[in-house]
>>> print(open('final.cif').read())   # mmCIF, C-alpha atoms
data_model
#
loop_
_atom_site.label_atom_id
_atom_site.label_comp_id
_atom_site.auth_asym_id
_atom_site.auth_seq_id
_atom_site.Cartn_x
_atom_site.Cartn_y
_atom_site.Cartn_z
CA MET A 1 176.83 47.64 -0.06
CA ASP A 2 176.96 46.90 3.67
CA LEU A 3 174.71 43.83 3.91
CA ASN A 4 175.34 43.59 7.65
CA THR A 5 173.56 46.92 8.21
CA ILE A 6 170.64 46.01 5.95
CA ILE A 7 170.18 42.55 7.47
CA GLY A 8 170.42 43.89 11.02
CA ALA A 9 167.87 46.65 10.45
CA GLY A 10 165.52 44.34 8.55
CA LEU A 11 165.69 41.68 11.25
CA ALA A 12 164.99 44.21 14.01
CA PHE A 13 161.89 45.56 12.25
CA LEU A 14 160.74 42.05 11.36
CA LEU A 15 160.90 40.91 14.99
CA ILE A 16 158.83 43.90 16.10
CA LEU A 17 156.25 43.36 13.33
CA VAL A 18 155.94 39.67 14.21
CA ALA A 19 155.40 40.54 17.89
CA MET A 20 152.70 43.03 16.87
CA ALA A 21 151.02 40.64 14.44
CA VAL A 22 150.68 37.67 16.81
CA GLY A 23 149.06 39.75 19.56
CA PRO A 24 145.36 40.62 19.79
CA GLY A 25 144.28 43.26 17.30
CA GLY A 26 147.11 42.69 14.82
CA VAL A 27 149.51 45.24 13.36
CA MET A 28 146.96 47.92 12.47
CA ILE A 29 146.24 48.87 16.09
CA PHE A 30 149.84 50.15 16.24
CA VAL A 31 149.30 52.57 13.33
CA HIS A 32 148.51 56.13 14.42
CA ILE A 33 149.40 58.92 12.00
CA PRO A 34 149.24 61.88 14.46
CA SER A 35 151.73 60.10 16.75
CA MET A 36 154.10 59.52 13.83
CA VAL A 37 153.86 63.18 12.87
CA ILE A 38 154.69 64.31 16.41
CA VAL A 39 157.74 62.05 16.71
CA LEU A 40 159.27 62.36 13.24
CA GLY A 41 158.15 65.92 12.53
CA GLY A 42 159.20 67.15 15.95
CA SER A 43 162.60 65.41 15.77
CA ILE A 44 163.33 66.89 12.36
CA ALA A 45 162.17 70.36 13.43
CA VAL A 46 164.41 70.60 16.51
CA THR A 47 167.32 69.09 14.57
CA MET A 48 166.94 72.01 12.16
CA LEU A 49 167.11 74.27 15.20
CA ALA A 50 170.26 72.60 16.51
CA PHE A 51 172.31 72.52 13.27
CA PRO A 52 172.92 74.98 10.41
CA ILE A 53 171.16 74.21 7.16
CA SER A 54 174.51 73.61 5.41
CA ASP A 55 175.10 70.60 7.68
CA LEU A 56 171.58 69.25 7.20
CA LYS A 57 171.47 69.35 3.39
CA PRO A 58 173.53 66.17 2.90
CA ILE A 59 171.79 64.30 5.74
CA ILE A 60 170.24 61.68 3.41
CA LYS A 61 173.61 61.10 1.76
CA VAL A 62 175.18 60.76 5.20
CA GLY A 63 172.69 58.07 6.14
CA LEU A 64 173.28 56.21 2.87
CA VAL A 65 177.04 56.19 3.56
CA ALA A 66 176.40 53.83 6.44
CA VAL A 67 174.20 51.54 4.34
CA ILE A 68 175.41 51.33 0.73
CA ARG A 69 178.98 52.59 0.71
CA LYS A 70 181.57 49.93 -0.07
CA GLN A 71 184.91 50.62 1.60
CA SER A 72 188.16 49.17 0.38
CA THR A 73 190.27 47.23 2.85
CA PRO A 74 193.76 48.19 4.07
CA THR A 75 195.21 45.14 2.31
CA GLU A 76 193.63 46.22 -1.00
CA GLU A 77 195.06 49.71 -0.61
CA ILE A 78 198.52 48.37 0.20
CA ASP A 79 198.45 46.19 -2.92
CA ARG A 80 197.40 49.16 -5.04
CA ILE A 81 200.08 51.44 -3.59
CA VAL A 82 202.81 48.81 -4.10
CA ASN A 83 201.69 48.33 -7.72
CA TYR A 84 201.86 52.10 -8.26
CA ALA A 85 205.30 52.18 -6.65
CA ASN A 86 206.53 49.46 -9.01
CA LEU A 87 205.17 51.34 -12.01
CA ALA A 88 206.70 54.65 -10.89
CA ARG A 89 210.07 52.99 -10.27
CA LYS A 90 210.13 51.34 -13.70
CA GLU A 91 208.62 54.07 -15.89
CA GLY A 92 208.72 57.25 -13.80
CA LEU A 93 206.08 59.21 -11.88
CA LEU A 94 204.39 60.48 -15.06
CA ALA A 95 203.43 56.90 -15.91
CA LEU A 96 200.99 56.98 -12.99
CA GLU A 97 198.73 59.36 -14.90
CA SER A 98 197.53 56.53 -17.14
CA GLN A 99 196.25 54.71 -14.02
CA LEU A 100 194.13 57.55 -12.65
CA GLN A 101 191.14 56.74 -14.84
CA GLU A 102 190.78 53.44 -12.97
CA VAL A 103 190.73 55.12 -9.53
CA ASP A 104 187.26 55.71 -8.05
CA ASP A 105 188.57 57.15 -4.77
CA ALA A 106 188.82 60.94 -5.11
CA PHE A 107 191.19 61.20 -2.13
CA PHE A 108 193.70 58.70 -3.53
CA SER A 109 193.38 60.17 -7.02
CA LYS A 110 194.14 63.67 -5.72
CA GLY A 111 197.23 62.45 -3.89
CA ILE A 112 198.62 60.70 -6.97
CA GLN A 113 197.87 63.78 -9.09
CA LEU A 114 199.86 65.93 -6.67
CA VAL A 115 202.79 63.54 -7.08
CA ILE A 116 202.49 63.64 -10.88
CA ASP A 117 202.41 67.45 -10.78
CA GLY A 118 205.79 67.44 -9.07
CA PHE A 119 204.94 68.66 -5.56
CA GLY A 120 207.43 67.78 -2.83
CA ALA A 121 206.81 65.09 -0.23
CA ASP A 122 206.16 67.56 2.60
CA THR A 123 203.72 69.56 0.48
CA VAL A 124 201.85 66.43 -0.58
CA ARG A 125 201.62 65.29 3.03
CA ASP A 126 200.34 68.68 4.25
CA ILE A 127 197.66 68.91 1.55
CA MET A 128 196.47 65.34 2.03
CA GLU A 129 196.39 65.56 5.83
CA LEU A 130 194.29 68.73 5.59
CA GLU A 131 191.93 67.00 3.16
CA ALA A 132 191.65 63.99 5.49
CA GLU A 133 190.92 66.22 8.47
CA TRP A 134 188.06 68.00 6.72
CA GLU A 135 186.64 64.67 5.57
CA ASN A 136 186.76 63.42 9.15
CA GLN A 137 184.92 66.55 10.30
CA ARG A 138 182.12 65.87 7.81
CA HIS A 139 181.76 62.34 9.15
CA GLU A 140 181.70 63.67 12.71
CA THR A 141 178.97 66.18 11.86
CA GLY A 142 176.83 63.45 10.34
CA ARG A 143 177.32 61.29 13.43
CA LYS A 144 176.33 64.16 15.73
CA ILE A 145 173.15 64.81 13.73
CA MET A 146 172.08 61.16 13.99
CA ASP A 147 173.03 61.11 17.67
CA GLN A 148 170.90 64.19 18.35
CA MET A 149 167.93 62.78 16.48
CA GLY A 150 168.31 59.64 18.58
CA ALA A 151 167.95 61.83 21.67
CA PHE A 152 165.11 63.96 20.31
CA ALA A 153 162.86 61.09 19.14
CA PRO A 154 162.14 59.57 22.61
CA ALA A 155 161.62 63.06 24.02
CA PHE A 156 158.95 63.81 21.42
CA GLY A 157 157.49 60.38 22.04
CA MET A 158 156.97 61.39 25.67
CA ILE A 159 155.59 64.79 24.65
CA GLY A 160 153.08 63.10 22.36
CA THR A 161 152.06 60.74 25.15
CA LEU A 162 151.47 63.66 27.50
CA VAL A 163 149.40 65.44 24.86
CA GLY A 164 147.30 62.31 24.39
CA LEU A 165 146.80 61.87 28.14
CA VAL A 166 145.67 65.46 28.56
CA GLN A 167 143.16 65.06 25.74
CA MET A 168 141.91 61.77 27.22
CA LEU A 169 141.49 63.20 30.72
CA GLN A 170 139.38 66.08 29.41
CA ASP A 171 136.42 63.74 29.17
CA LEU A 172 136.09 60.77 31.54
CA SER A 173 132.33 60.37 31.03
CA ASP A 174 132.84 57.29 28.83
CA PRO A 175 134.93 54.69 30.75
CA SER A 176 135.14 52.43 27.68
CA ALA A 177 137.09 55.11 25.81
CA ILE A 178 139.78 55.44 28.47
CA GLY A 179 141.59 52.25 27.45
CA ILE A 180 141.60 53.24 23.77
CA GLY A 181 142.80 56.74 24.62
CA MET A 182 145.59 55.40 26.83
CA ALA A 183 146.75 52.98 24.11
CA THR A 184 146.81 55.77 21.55
CA ALA A 185 148.81 58.01 23.86
CA LEU A 186 151.38 55.28 24.52
CA LEU A 187 151.90 54.71 20.79
CA THR A 188 153.83 57.97 20.60
CA THR A 189 156.31 56.71 23.18
CA LEU A 190 156.62 53.49 21.18
CA TYR A 191 157.36 55.38 17.96
CA GLY A 192 159.96 57.52 19.70
CA ALA A 193 161.73 54.50 21.18
CA MET A 194 161.69 52.65 17.86
CA ALA A 195 162.97 55.60 15.86
CA ALA A 196 165.81 56.21 18.32
CA ASN A 197 166.93 52.65 18.98
CA MET A 198 166.27 51.10 15.58
CA VAL A 199 167.29 53.93 13.25
CA PHE A 200 169.08 57.01 14.58
CA ILE A 201 171.39 55.61 17.30
CA PRO A 202 172.49 52.57 15.23
CA LEU A 203 173.22 54.86 12.24
CA ALA A 204 175.25 57.16 14.50
CA GLY A 205 177.28 54.17 15.67
CA LYS A 206 177.76 52.95 12.11
CA LEU A 207 178.93 56.40 10.96
CA GLU A 208 181.45 56.47 13.80
CA MET A 209 182.87 53.13 12.66
CA VAL A 210 182.96 54.32 9.03
CA ALA A 211 184.87 57.43 10.15
CA LYS A 212 187.44 55.36 12.04
CA GLN A 213 187.96 53.02 9.09
CA ASP A 214 188.25 55.97 6.71
CA SER A 215 190.76 57.67 9.01
CA LEU A 216 192.95 54.55 8.99
CA LEU A 217 192.74 54.22 5.21
CA ARG A 218 193.52 57.91 4.68
CA ALA A 219 196.59 57.73 6.91
CA LEU A 220 197.75 54.62 5.05
CA MET A 221 197.22 56.28 1.67
CA ILE A 222 199.14 59.39 2.73
CA GLU A 223 202.14 57.36 3.86
CA GLY A 224 202.07 55.30 0.68
CA ILE A 225 201.70 58.24 -1.69
CA VAL A 226 204.48 60.20 0.03
CA ALA A 227 206.70 57.13 -0.15
CA ILE A 228 206.04 56.83 -3.89
CA GLN A 229 206.91 60.50 -4.36
CA SER A 230 210.14 59.96 -2.41
CA GLY A 231 211.12 57.07 -4.68
CA GLU A 232 211.26 54.42 -1.96
CA LYS A 233 211.53 50.76 -2.96
CA PRO A 234 208.16 48.98 -3.31
CA GLN A 235 209.17 46.27 -0.83
CA LEU A 236 210.14 48.91 1.74
CA ILE A 237 206.80 50.69 1.19
CA LYS A 238 204.97 47.40 1.75
CA GLU A 239 206.82 46.76 5.02
CA LYS A 240 206.12 50.29 6.19
CA LEU A 241 202.40 50.10 5.40
CA LYS A 242 202.03 46.72 7.09
CA GLY A 243 202.29 48.67 10.34
CA PHE A 244 198.69 49.81 9.74
CA LEU A 245 197.44 46.21 9.85
CA ALA A 246 196.56 43.98 12.75
CA PRO A 247 199.20 41.26 13.19
CA GLY A 248 196.68 38.56 12.30
CA ILE A 249 196.09 39.86 8.75
CA ARG A 250 199.62 40.91 7.78
CA ALA A 251 200.17 37.49 6.25
CA ALA A 252 197.51 38.36 3.63
CA VAL A 253 199.74 41.15 2.32
CA GLU A 254 202.65 38.77 2.00
CA ALA A 255 200.49 36.33 0.08
#
>>> encode(input="final.cif", output="structure tokens")
Amino acid sequence: MDLNTIIGAGLAFLLILVAMAVGPGGVMIFVHIPSMVIVLGGSIAVTMLAFPISDLKPIIKVGLVAVIRKQSTPTEEIDRIVNYANLARKEGLLALESQLQEVDDAFFSKGIQLVIDGFGADTVRDIMELEAEWENQRHETGRKIMDQMGAFAPAFGMIGTLVGLVQMLQDLSDPSAIGIGMATALLTTLYGAMAANMVFIPLAGKLEMVAKQDSLLRALMIEGIVAIQSGEKPQLIKEKLKGFLAPGIRAAVEA
């Protein structure tokens, strides 16, 4: 689980709630259901207009990727690949099959299975690179959806404000109601800004980072799996894969 994402989001909402609570009127004056419906309902509706339903079905899963998914590190993957290379060198490629039950990464598992099935290095590389490309496209689609919702939410906040202002200006006979009507109209803009800047845009940024990290890990796995299939020495594989690491953390692989 990505605690950094949870702590950051929780802290942002907490700061806003505290600011609302200490002011006159408390938190409840900021609650207005029609404004919420306009912002969230409108954002979801036009997102459905902008993207095919097949891309929108996994949207909740896409959001959870940024929050609860635990990614392995490049150093962990290098250690695993070197261990597999040692096993394959000592007992043969078929010995790797006994290790597949312990693998929870479908991408890595598929690559090792291709090696066990006897596919050549070039074939393994082509299949895995195609798989990685499609995975990257799915990440990119999720990022675009969140990015678009981050653009739509403030727009619907402004639309809701304009609707509220029009309704307020229809009857100016009661001056005391103008302030309340203005506050209610502005709440829609507040909801739009909060939804965009505290949910959708940060999630889009997080998904972009997840995609970049995944892309690096996939490239590392492909090189390692192809090297195992080619029968390269484990120490040579380790030196080759260290090229994927920043110089400052290469010492961790040696350790």
>>> atom_distance(input="final.cif", atom1="CA of Leu56 (chain A)", atom2="CA of Leu40 (chain A)")
15.3 Å
>>> residues_around(input="final.cif", residues="Ala45 (chain A)", least_positions_apart="4", cutoff="12 Å", atoms="only C-alpha atoms", output="ChimeraX atom specification")
/A:37-41,49-51,53,56,148-149,152-153,156
>>> residues_around(input="final.cif", residues="Arg125 (chain A)", least_positions_apart="3", cutoff="10 Å", atoms="all atoms listed in the file", output="number ranges by chain")
A: 111, 114, 119-122, 128-131, 219, 222-223, 225-226
>>> write_last_selection(input="final.cif", atoms="C-alpha atoms", output="PDB file, keeping the file's coordinate frame")
ATOM      1  CA  GLY A 111     197.230  62.450  -3.890  1.00  0.00           C
ATOM      2  CA  LEU A 114     199.860  65.930  -6.670  1.00  0.00           C
ATOM      3  CA  PHE A 119     204.940  68.660  -5.560  1.00  0.00           C
ATOM      4  CA  GLY A 120     207.430  67.780  -2.830  1.00  0.00           C
ATOM      5  CA  ALA A 121     206.810  65.090  -0.230  1.00  0.00           C
ATOM      6  CA  ASP A 122     206.160  67.560   2.600  1.00  0.00           C
ATOM      7  CA  MET A 128     196.470  65.340   2.030  1.00  0.00           C
ATOM      8  CA  GLU A 129     196.390  65.560   5.830  1.00  0.00           C
ATOM      9  CA  LEU A 130     194.290  68.730   5.590  1.00  0.00           C
ATOM     10  CA  GLU A 131     191.930  67.000   3.160  1.00  0.00           C
ATOM     11  CA  ALA A 219     196.590  57.730   6.910  1.00  0.00           C
ATOM     12  CA  ILE A 222     199.140  59.390   2.730  1.00  0.00           C
ATOM     13  CA  GLU A 223     202.140  57.360   3.860  1.00  0.00           C
ATOM     14  CA  ILE A 225     201.700  58.240  -1.690  1.00  0.00           C
ATOM     15  CA  VAL A 226     204.480  60.200   0.030  1.00  0.00           C
TER      16      VAL A 226
END
>>> resolve_selection(input="final.cif", expression="the PyMOL selection byres ((chain A and resi 167-169) around 12)", output="ChimeraX atom specification")
/A:160-166,170-186
>>> resolve_selection(input="final.cif", expression="the PyMOL selection byres ((chain A and resi 17-29) around 12)", output="list of chain:residue names")
A:Gly10, A:Leu11, A:Ala12, A:Phe13, A:Leu14, A:Leu15, A:Ile16, A:Phe30, A:Val31, A:His32, A:Ile33, A:Ile180, A:Ala183, A:Thr184, A:Leu186, A:Leu187, A:Leu190, A:Met194
>>> write_last_selection(input="final.cif", atoms="C-alpha atoms", output="JSON list (two decimals), in the frame of the given file")
[["chain", "number", "residue", "atom", "x", "y", "z"],
["A", 10, "GLY", "CA", 165.52, 44.34, 8.55],
["A", 11, "LEU", "CA", 165.69, 41.68, 11.25],
["A", 12, "ALA", "CA", 164.99, 44.21, 14.01],
["A", 13, "PHE", "CA", 161.89, 45.56, 12.25],
["A", 14, "LEU", "CA", 160.74, 42.05, 11.36],
["A", 15, "LEU", "CA", 160.90, 40.91, 14.99],
["A", 16, "ILE", "CA", 158.83, 43.90, 16.10],
["A", 30, "PHE", "CA", 149.84, 50.15, 16.24],
["A", 31, "VAL", "CA", 149.30, 52.57, 13.33],
["A", 32, "HIS", "CA", 148.51, 56.13, 14.42],
["A", 33, "ILE", "CA", 149.40, 58.92, 12.00],
["A", 180, "ILE", "CA", 141.60, 53.24, 23.77],
["A", 183, "ALA", "CA", 146.75, 52.98, 24.11],
["A", 184, "THR", "CA", 146.81, 55.77, 21.55],
["A", 186, "LEU", "CA", 151.38, 55.28, 24.52],
["A", 187, "LEU", "CA", 151.90, 54.71, 20.79],
["A", 190, "LEU", "CA", 156.62, 53.49, 21.18],
["A", 194, "MET", "CA", 161.69, 52.65, 17.86]]
>>> atom_distance(input="final.cif", atom1="CA of Leu220 (chain A)", atom2="CA of Phe244 (chain A)")
6.8 Å
>>> closest_residue(input="final.cif", among="A:Gly157, A:Gly205, A:Gly192, A:Gly92", to="Gly142 (chain A)", atoms="only C-alpha atoms")
A:Gly205
>>> residues_around(input="final.cif", residues="Ile59 (chain A)", least_positions_apart="5", cutoff="12 Å", atoms="all atoms listed in the file", output="ChimeraX atom specification")
/A:44,47-48,51-54,64-66,138-139,141-146,149,200,203-204,207
>>> resolve_selection(input="final.cif", expression="the PyMOL selection byres ((chain A and resi 81) around 10)", output="list in words")
Thr75, Glu76, Glu77, Ile78, Asp79, Arg80, Val82, Asn83, Tyr84, Ala85, Asn86, Leu87, Phe108, Ile112, Leu220, Met221, Glu223, Gly224, Ile225, Ala227, Ile228, Pro234, Ile237, Lys238 and Leu241 of chain A
>>> write_last_selection(input="final.cif", atoms="C-alpha atoms", output="JSON list (two decimals), keeping the file's coordinate frame")
[["chain", "number", "residue", "atom", "x", "y", "z"],
["A", 75, "THR", "CA", 195.21, 45.14, 2.31],
["A", 76, "GLU", "CA", 193.63, 46.22, -1.00],
["A", 77, "GLU", "CA", 195.06, 49.71, -0.61],
["A", 78, "ILE", "CA", 198.52, 48.37, 0.20],
["A", 79, "ASP", "CA", 198.45, 46.19, -2.92],
["A", 80, "ARG", "CA", 197.40, 49.16, -5.04],
["A", 82, "VAL", "CA", 202.81, 48.81, -4.10],
["A", 83, "ASN", "CA", 201.69, 48.33, -7.72],
["A", 84, "TYR", "CA", 201.86, 52.10, -8.26],
["A", 85, "ALA", "CA", 205.30, 52.18, -6.65],
["A", 86, "ASN", "CA", 206.53, 49.46, -9.01],
["A", 87, "LEU", "CA", 205.17, 51.34, -12.01],
["A", 108, "PHE", "CA", 193.70, 58.70, -3.53],
["A", 112, "ILE", "CA", 198.62, 60.70, -6.97],
["A", 220, "LEU", "CA", 197.75, 54.62, 5.05],
["A", 221, "MET", "CA", 197.22, 56.28, 1.67],
["A", 223, "GLU", "CA", 202.14, 57.36, 3.86],
["A", 224, "GLY", "CA", 202.07, 55.30, 0.68],
["A", 225, "ILE", "CA", 201.70, 58.24, -1.69],
["A", 227, "ALA", "CA", 206.70, 57.13, -0.15],
["A", 228, "ILE", "CA", 206.04, 56.83, -3.89],
["A", 234, "PRO", "CA", 208.16, 48.98, -3.31],
["A", 237, "ILE", "CA", 206.80, 50.69, 1.19],
["A", 238, "LYS", "CA", 204.97, 47.40, 1.75],
["A", 241, "LEU", "CA", 202.40, 50.10, 5.40]]
>>> closest_residue(input="final.cif", among="A:Asp117, A:Gly42, A:Lys61, A:Pro74", to="Ala95 (chain A)", atoms="only C-alpha atoms")
A:Asp117
